[in-house]
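**Student:** Provided below: entry.txt, containing compact mmCIF, C-alpha atoms.
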```txt
# COMPACT_ATOMS: atom_id res chain seq x y z
CA MET A 25 81.83 80.59 61.06
CA ALA A 26 83.48 83.99 60.61
CA LYS A 27 85.67 85.40 63.38
CA ILE A 28 87.04 88.68 64.68
CA LYS A 29 90.08 89.18 66.90
CA ILE A 30 90.46 91.92 69.50
CA ILE A 31 93.93 93.44 69.09
CA LYS A 32 93.31 96.29 71.56
CA PRO A 33 90.23 96.27 73.80
CA GLY A 34 89.66 100.02 74.12
CA LEU A 35 88.45 101.57 77.36
CA LEU A 36 85.32 99.43 77.78
CA THR A 37 84.10 97.22 74.97
CA SER A 38 81.40 94.66 75.70
CA VAL A 39 78.74 92.56 74.04
CA GLN A 40 75.26 94.02 74.56
CA ASP A 41 71.77 93.67 73.14
CA LEU A 42 68.51 95.28 74.29
CA GLY A 43 68.71 93.84 77.78
CA ARG A 44 67.79 90.98 80.09
CA HIS A 45 64.12 91.65 80.79
CA GLY A 46 61.78 89.88 83.19
CA TYR A 47 64.23 89.10 85.99
CA GLN A 48 64.44 92.24 88.12
CA GLN A 49 62.09 90.65 90.63
CA TYR A 50 64.89 88.13 91.26
CA GLY A 51 67.54 90.84 91.62
CA VAL A 52 68.98 90.43 88.11
CA CYS A 53 69.92 93.67 86.34
CA VAL A 54 68.53 94.45 82.91
CA SER A 55 71.84 95.69 81.43
CA GLY A 56 71.77 96.03 77.62
CA ALA A 57 72.86 98.85 75.32
CA MET A 58 73.07 102.26 76.96
CA ASP A 59 71.97 103.93 73.70
CA HIS A 60 69.17 101.61 72.64
CA VAL A 61 68.33 103.60 69.51
CA SER A 62 71.85 103.43 68.04
CA ALA A 63 72.01 99.71 68.82
CA ARG A 64 68.71 99.05 67.05
CA LEU A 65 69.72 101.08 64.00
CA ALA A 66 73.04 99.22 63.69
CA ASN A 67 71.20 95.90 63.50
CA ILE A 68 68.55 97.27 61.12
CA LEU A 69 71.32 98.27 58.70
CA LEU A 70 72.41 94.62 58.51
CA GLY A 71 69.04 92.90 58.35
CA ASN A 72 69.50 91.51 61.86
CA ASP A 73 66.84 91.31 64.52
CA GLU A 74 66.84 94.70 66.27
CA GLY A 75 67.75 93.02 69.55
CA GLU A 76 70.72 91.06 68.19
CA GLY A 77 73.99 91.16 70.13
CA LEU A 78 76.60 93.72 69.10
CA LEU A 79 79.60 95.54 70.55
CA GLU A 80 79.24 98.66 72.68
CA LEU A 81 82.32 100.91 72.76
CA THR A 82 82.99 103.57 75.37
CA MET A 83 85.09 106.70 74.69
CA LEU A 84 88.17 104.86 73.40
CA GLY A 85 87.33 102.24 70.80
CA PRO A 86 89.07 98.90 70.25
CA GLN A 87 91.24 97.69 67.41
CA ILE A 88 89.67 94.71 65.68
CA GLU A 89 91.11 92.40 63.02
CA PHE A 90 88.72 90.54 60.72
CA SER A 91 89.66 86.96 60.01
CA ASP A 92 86.95 86.57 57.37
CA PRO A 93 84.94 88.76 54.99
CA MET A 94 81.78 90.15 56.62
CA VAL A 95 79.41 93.11 56.63
CA ILE A 96 79.37 95.51 59.57
CA ALA A 97 77.74 98.79 60.61
CA ILE A 98 78.87 101.45 63.08
CA THR A 99 76.39 103.79 64.77
CA GLY A 100 76.11 106.03 67.83
CA GLY A 101 78.78 108.48 68.97
CA ASP A 102 81.50 109.42 66.52
CA LEU A 103 84.74 107.86 67.75
CA GLN A 104 86.34 108.41 64.31
CA ALA A 105 86.38 104.89 62.91
CA THR A 106 88.97 103.86 60.33
CA ILE A 107 89.59 100.67 58.37
CA ASN A 108 93.22 100.12 57.42
CA GLY A 109 93.82 103.77 58.31
CA LEU A 110 91.07 105.18 56.08
CA ALA A 111 88.05 106.93 57.56
CA VAL A 112 84.75 105.06 57.20
CA LYS A 113 81.23 106.40 57.09
CA MET A 114 78.96 105.76 60.05
CA ASN A 115 75.29 104.74 59.87
CA ARG A 116 75.97 102.69 56.76
CA SER A 117 76.60 98.99 56.14
CA LEU A 118 80.00 98.16 54.69
CA ARG A 119 81.95 95.10 53.69
CA VAL A 120 85.27 94.24 55.30
CA ASN A 121 87.74 91.65 54.06
CA SER A 122 90.03 89.12 55.67
CA GLY A 123 92.96 90.87 57.34
CA ASP A 124 91.28 94.29 57.51
CA LYS A 125 91.73 96.22 60.75
CA LEU A 126 89.12 98.47 62.31
CA ASP A 127 90.45 101.20 64.60
CA PHE A 128 89.22 104.39 66.27
CA LYS A 129 91.04 107.71 66.62
CA GLY A 130 89.04 109.04 69.58
CA MET A 131 85.90 110.92 70.57
CA LYS A 132 84.57 113.57 68.20
CA ALA A 133 80.91 113.60 69.28
CA GLY A 134 79.17 111.55 71.95
CA CYS A 135 81.04 108.84 73.81
CA ARG A 136 79.49 105.47 72.92
CA ALA A 137 79.51 103.73 69.55
CA TYR A 138 78.08 100.41 68.41
CA ILE A 139 79.46 97.84 65.98
CA ALA A 140 76.97 95.33 64.59
CA PHE A 141 77.86 92.32 62.46
CA ALA A 142 75.59 90.76 59.84
CA GLY A 143 74.41 87.54 61.50
CA GLY A 144 75.16 88.73 65.03
CA ILE A 145 77.74 87.68 67.62
CA ASP A 146 77.76 84.01 68.61
CA VAL A 147 77.69 84.05 72.42
CA PRO A 148 75.35 82.11 74.73
CA LEU A 149 71.95 83.45 75.71
CA ILE A 150 71.76 83.92 79.48
CA MET A 151 68.17 84.42 80.63
CA GLY A 152 67.24 85.25 77.05
CA SER A 153 69.94 87.88 76.51
CA LYS A 154 73.51 88.25 75.23
CA SER A 155 74.10 91.40 77.32
CA THR A 156 77.17 91.63 79.52
CA TYR A 157 76.74 92.53 83.18
CA THR A 158 80.33 92.88 84.33
CA ARG A 159 79.56 93.38 88.04
CA GLY A 160 77.79 90.02 88.07
CA ASN A 161 80.24 88.27 85.70
CA MET A 162 77.24 87.39 83.55
CA GLY A 163 76.46 87.19 79.84
CA GLY A 164 78.27 88.46 76.78
CA TYR A 165 81.75 87.05 76.23
CA LYS A 166 82.79 85.23 79.42
CA GLY A 167 80.82 87.72 81.52
CA ARG A 168 83.36 90.51 81.12
CA ALA A 169 84.58 93.38 78.98
CA LEU A 170 86.69 92.29 76.03
CA LYS A 171 90.45 91.88 76.36
CA ALA A 172 93.34 91.82 73.88
CA GLY A 173 93.53 88.42 72.21
CA ASP A 174 89.83 87.57 72.52
CA VAL A 175 88.37 85.89 69.43
CA LEU A 176 84.62 86.17 68.82
CA SER A 177 82.60 84.12 66.34
CA ILE A 178 80.09 85.78 64.01
CA ASN A 179 76.99 83.94 62.84
CA LYS A 180 76.07 83.51 59.19
CA PRO A 181 74.11 86.50 57.79
CA SER A 182 70.42 86.09 57.09
CA GLN A 183 70.97 87.36 53.52
CA PRO A 184 73.79 87.21 50.96
CA MET A 185 76.47 89.74 51.92
CA ASP A 186 76.28 91.65 48.64
CA THR A 187 72.62 92.49 49.27
CA LEU A 188 73.47 93.99 52.67
CA VAL A 189 76.24 96.36 51.56
CA GLY A 190 75.49 100.06 51.11
CA ARG A 191 72.33 100.29 53.23
CA GLU A 192 72.20 103.65 54.96
CA ILE A 193 70.34 105.55 57.68
CA GLY A 194 69.95 108.95 56.05
CA GLU A 195 68.07 110.71 58.82
CA CYS A 196 69.87 112.13 61.86
CA PHE A 197 68.18 110.88 65.02
CA TYR A 198 70.31 112.74 67.59
CA GLU A 199 72.92 115.47 67.72
CA TYR A 200 75.48 114.96 70.48
CA THR A 201 76.46 118.18 72.24
CA ASP A 202 78.05 119.10 75.56
CA ASP A 203 74.94 121.02 76.66
CA ILE A 204 72.06 118.58 77.02
CA GLU A 205 68.41 119.18 77.85
CA LEU A 206 66.64 116.09 79.17
CA ARG A 207 62.88 115.83 79.24
CA VAL A 208 61.52 114.14 82.34
CA VAL A 209 58.24 113.06 83.89
CA LEU A 210 57.96 114.18 87.51
CA GLY A 211 57.81 111.51 90.22
CA PRO A 212 57.30 109.04 91.73
CA GLN A 213 58.50 110.70 94.99
CA GLU A 214 58.15 114.37 94.04
CA ASP A 215 56.17 114.93 97.27
CA ALA A 216 59.40 114.28 99.21
CA PHE A 217 60.88 117.56 97.90
CA THR A 218 60.14 121.16 98.83
CA GLU A 219 58.56 123.45 96.29
CA GLU A 220 61.83 125.35 96.11
CA GLY A 221 63.72 122.09 95.68
CA ILE A 222 61.64 121.19 92.62
CA LYS A 223 62.16 124.69 91.18
CA THR A 224 65.89 124.34 91.74
CA PHE A 225 65.91 121.01 89.91
CA PHE A 226 64.25 122.45 86.81
CA ASN A 227 65.99 125.83 86.80
CA SER A 228 69.58 124.64 87.30
CA SER A 229 72.32 123.26 85.09
CA TYR A 230 74.23 120.23 86.38
CA MET A 231 77.66 118.97 85.37
CA VAL A 232 78.36 115.32 84.62
CA THR A 233 81.06 114.22 87.07
CA ASN A 234 83.78 111.62 86.55
CA GLU A 235 81.53 109.19 88.42
CA CYS A 236 79.51 108.20 85.37
CA ASP A 237 79.32 104.68 84.03
CA ARG A 238 76.87 102.04 82.88
CA MET A 239 75.30 101.95 86.34
CA GLY A 240 74.55 105.65 86.66
CA TYR A 241 75.57 109.28 86.19
CA ARG A 242 76.35 111.43 89.22
CA LEU A 243 75.69 115.11 88.59
CA GLU A 244 76.98 118.18 90.40
CA GLY A 245 75.21 121.50 90.83
CA GLU A 246 72.65 123.32 92.95
CA LYS A 247 71.40 121.29 95.90
CA VAL A 248 67.83 120.04 95.62
CA ASP A 249 66.12 120.33 99.01
CA HIS A 250 64.00 117.58 100.57
CA LYS A 251 61.20 118.15 103.04
CA GLU A 252 62.70 115.68 105.51
CA GLY A 253 65.38 113.51 103.94
CA GLY A 254 66.35 111.44 100.92
CA ASP A 255 65.80 107.93 102.31
CA ILE A 256 62.74 105.82 101.52
CA ILE A 257 61.77 102.16 101.74
CA SER A 258 63.49 100.54 98.76
CA ASP A 259 61.44 100.20 95.61
CA GLY A 260 62.05 99.40 91.93
CA ILE A 261 64.27 101.54 89.72
CA ALA A 262 63.60 102.19 86.04
CA MET A 263 66.25 103.22 83.54
CA GLY A 264 66.50 107.00 83.57
CA ALA A 265 65.24 107.36 87.14
CA VAL A 266 66.69 110.50 88.76
CA GLN A 267 67.57 109.67 92.36
CA ILE A 268 68.37 112.44 94.80
CA PRO A 269 69.88 111.27 98.10
CA SER A 270 70.03 113.51 101.17
CA HIS A 271 73.09 115.38 99.82
CA GLY A 272 70.80 116.90 97.18
CA GLN A 273 72.82 116.00 94.05
CA PRO A 274 71.00 114.10 91.24
CA ILE A 275 72.01 110.63 90.05
CA ILE A 276 70.59 109.32 86.75
CA MET A 277 70.26 105.52 86.85
CA MET A 278 71.30 103.67 83.69
CA ALA A 279 71.50 100.20 82.11
CA ASP A 280 73.45 98.40 84.87
CA ARG A 281 71.45 100.02 87.69
CA GLN A 282 70.54 98.03 90.75
CA THR A 283 67.03 96.57 90.67
CA THR A 284 65.85 98.44 93.79
CA GLY A 285 67.03 101.46 95.73
CA GLY A 286 66.23 103.45 98.85
CA TYR A 287 66.68 107.05 97.66
CA THR A 288 63.95 109.45 96.60
CA LYS A 289 63.38 109.76 92.85
CA ILE A 290 62.29 113.21 91.76
CA ALA A 291 61.71 112.36 88.08
CA ASN A 292 62.41 109.91 85.25
CA VAL A 293 64.09 110.73 81.93
CA ILE A 294 61.71 109.84 79.11
CA THR A 295 62.63 106.92 76.85
CA VAL A 296 63.26 109.16 73.84
CA ASP A 297 65.99 111.07 75.69
CA LEU A 298 67.83 108.12 77.25
CA PRO A 299 70.32 108.01 74.33
CA ARG A 300 71.26 111.62 75.14
CA VAL A 301 72.27 110.52 78.63
CA ALA A 302 74.14 107.51 77.27
CA GLN A 303 76.22 109.78 75.03
CA ALA A 304 77.02 112.32 77.79
CA LYS A 305 80.58 112.45 79.13
CA PRO A 306 82.33 114.04 82.14
CA GLY A 307 82.15 117.83 82.00
CA ASP A 308 78.98 117.97 79.91
CA LYS A 309 76.13 120.12 81.19
CA ILE A 310 72.65 118.71 81.81
CA SER A 311 69.39 120.53 82.46
CA PHE A 312 65.91 119.12 82.97
CA LYS A 313 62.58 120.02 81.36
CA ARG A 314 59.26 118.75 82.66
CA VAL A 315 56.83 117.06 80.25
CA SER A 316 53.61 115.16 80.84
CA LEU A 317 53.25 111.41 80.49
CA ASP A 318 51.02 111.97 77.44
CA GLU A 319 53.73 114.10 75.81
CA ALA A 320 56.30 111.38 76.55
CA HIS A 321 54.05 108.80 74.87
CA ILE A 322 53.63 110.98 71.76
CA LEU A 323 57.38 111.56 71.49
CA LEU A 324 58.04 107.82 71.84
CA ARG A 325 55.47 107.02 69.17
CA ASP A 326 57.13 109.51 66.82
CA LEU A 327 60.54 107.97 67.48
CA GLU A 328 59.25 104.46 66.82
CA ASN A 329 57.68 105.65 63.56
CA LYS A 330 61.04 107.08 62.46
CA ILE A 331 62.77 103.79 63.27
CA VAL A 332 60.15 101.83 61.32
CA GLN A 333 60.59 104.15 58.32
CA SER A 334 64.37 103.72 58.50
CA LYS A 335 63.89 99.96 58.43
CA ILE A 336 61.60 100.21 55.41
CA ASN A 337 64.14 102.39 53.60
CA CYS A 338 66.98 99.97 54.39
CA ASP A 339 65.01 97.02 53.09
CA LYS A 340 64.65 98.73 49.72
CA THR A 341 67.85 97.70 47.96
CA VAL A 342 68.69 100.76 45.87
CA ARG A 343 71.50 100.44 43.36
CA GLU A 344 72.84 102.96 40.86
CA ILE A 345 72.36 101.79 37.26
CA LEU A 346 75.58 102.27 35.27
CA SER A 347 74.34 101.02 31.90
CA THR A 348 71.39 99.26 30.27
CA ARG A 349 71.38 96.88 27.30
CA GLN A 350 68.43 95.24 25.54
CA PHE A 351 68.43 91.87 23.79
CA LYS A 352 65.94 89.82 21.79
CA LEU A 353 66.06 86.13 22.66
CA LYS A 354 64.22 83.20 21.14
CA ILE A 355 63.76 80.16 23.34
CA ASN A 356 61.71 77.11 22.28
CA GLY A 357 60.18 79.11 19.51
CA ARG A 358 59.05 81.99 21.71
CA ALA A 359 60.55 85.50 21.43
CA TYR A 360 61.56 87.44 24.56
CA ASP A 361 62.72 91.03 25.09
CA VAL A 362 65.44 91.03 27.74
CA MET A 363 66.96 94.05 29.47
CA VAL A 364 70.29 93.73 31.31
CA GLU A 365 71.33 96.41 33.83
CA GLU A 366 74.87 96.95 35.09
CA LEU A 367 74.67 98.10 38.71
CA LYS A 368 77.21 99.96 40.78
CA ASN A 369 78.70 97.74 43.47
CA TYR A 370 78.55 99.54 46.85
```
Let me see the structure of the file written as structure tokens.

**Tutor:**
Amino acid sequence: MAKIKIIKPGLLTSVQDLGRHGYQQYGVCVSGAMDHVSARLANILLGNDEGEGLLELTMLGPQIEFSDPMVIAITGGDLQATINGLAVKMNRSLRVNSGDKLDFKGMKAGCRAYIAFAGGIDVPLIMGSKSTYTRGNMGGYKGRALKAGDVLSINKPSQPMDTLVGREIGECFYEYTDDIELRVVLGPQEDAFTEEGIKTFFNSSYMVTNECDRMGYRLEGEKVDHKEGGDIISDGIAMGAVQIPSHGQPIIMMADRQTTGGYTKIANVITVDLPRVAQAKPGDKISFKRVSLDEAHILLRDLENKIVQSKINCDKTVREILSTRQFKLKINGRAYDVMVEELKNY
């Protein structure tokens, strides 16, 4: 089994997949990749299941040494990846060799990147998921963020490595900027806010504060007024829910959110725009735009169609033909025309 060694852990590097679903009723957080689209694309590039475990990096990436040859892919925010000091292309599968070192120079766009490995990371499934929930010391690698000296095992790829190299996601799914418009569906407690409060919410720009992590993003800006107050009887919280406590400042709930909460929720970020939140960093500006539930469904369908098309394109192994030679062979009395193609090795 192939292995990788963590030389430097980065700011926050953890094993994630698409989350631990079906257990919120028992108080267990979903967790999973903050940017679910980038995580899925990384696995698609390598022929993995889209929900396979991979590494999520935050702001400052790790330094990783490869003990064995393997095929990897890096997606999401651009943290300026290098291998042995040379810049590498994102959104493309590439081969690494024994002794190679993967490093990151720092944020260029976005703040979270994903590293997938052909075959996936060999860690136990906890409640059907490899995701790390650090607050609960659950899942991933020993229930925590990675540390220097950790050694992770990588499963055997589903296909020969040579067939996985050079696959590419050509289409740009998201552009990461410091001025972000998030589309939201109003509710479920919009009736707890004044008419002016709702107008303020949609007409204002909010700054991402330093209090932003996998649990949620606290924003700062114009106060959103309630009719009476921000407290309610606790109910369930979806990813992207926009809570507004009595102080009037929005909080966007994210992957490691609590399962229930007692603050009013004015709106919910639509699924398509959740990666935009995941890639936001302190100081970025966020504004909100109202869309209908039907519009949100159409946008999600379009996104899923793009992901499906990317998968189809990746599964078509395209190689550049360098030369072609034709031969006539005779085997057991029968003549055959044979063409041999020399292909470029990506």

**Student:** I'd like the contact shell of Ser228 in chain A - 12 Å cut-off, only C-alpha atoms, skipping same-chain residues fewer than 5 positions apart - returned as a list of chain:residue names.

**Tutor:** A:Glu205, A:Glu220, A:Gly221, A:Ile222, A:Lys223, A:Leu243, A:Glu244, A:Gly245, A:Glu246, A:Lys247, A:Val248, A:Gln273, A:Pro274, A:Lys309, A:Ile310, A:Ser311, A:Phe312, A:Lys313

**Student:** Of the candidates A:Thr201, A:Asp308, A:Gly100, A:Thr82, which one gets nearest to Tyr230 in chain A if we count all atoms listed in the file?

**Tutor:**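 Looking only at the distances to Tyr230 in chain A, the closest residue turns out to be A:Asp308.
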
**Student:** Separation of CA of Gln87 in chain A and CA of Ala279 in chain A, in Å?

**Tutor:**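 If I compute the distance from CA of Gln87 in chain A to CA of Ala279 in chain A, I get 24.7 Å.
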
**Student:** List the neighbours of Val189 in chain A out to 9 Å using only C-alpha atoms; skip same-chain residues closer than 6 positions along the sequence, and give me the result as a PyMOL selection string.

**Tutor:** chain A and resi 69-70+95-96+116-119+369-370

**Student:** With C-alpha atoms retained, could you export that selection as a compact mmCIF listing (two decimals), in the coordinates of the input?

**Tutor:**
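This went into part-v8.txt:
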```txt
# COMPACT_ATOMS: atom_id res chain seq x y z
CA LEU A 69 71.32 98.27 58.70
CA LEU A 70 72.41 94.62 58.51
CA VAL A 95 79.41 93.11 56.63
CA ILE A 96 79.37 95.51 59.57
CA ARG A 116 75.97 102.69 56.76
CA SER A 117 76.60 98.99 56.14
CA LEU A 118 80.00 98.16 54.69
CA ARG A 119 81.95 95.10 53.69
CA ASN A 369 78.70 97.74 43.47
CA TYR A 370 78.55 99.54 46.85
```

**Student:** What does the distance from CA of Val120 in chain A to CA of Thr37 in chain A come to in Å, to one decimal?

**Tutor:** 19.9 Å

**Student:** Which of these, A:Asn72, A:Gln49, A:Gln213, A:Ser91, has the shortest distance to Ile28 in chain A once you count all atoms listed in the file?

**Tutor:**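 Nearest candidate to Ile28 in chain A out of A:Asn72, A:Gln49, A:Gln213, A:Ser91: A:Ser91.
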
**Student:** Name the closest residue to Gln183 in chain A among the candidates A:Met94, A:Ser153, A:Ala169, A:Met131; distances are taken between atoms, counting only C-alpha atoms.

**Tutor:**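 Among A:Met94, A:Ser153, A:Ala169, A:Met131, it is A:Met94 that comes nearest to Gln183 in chain A.
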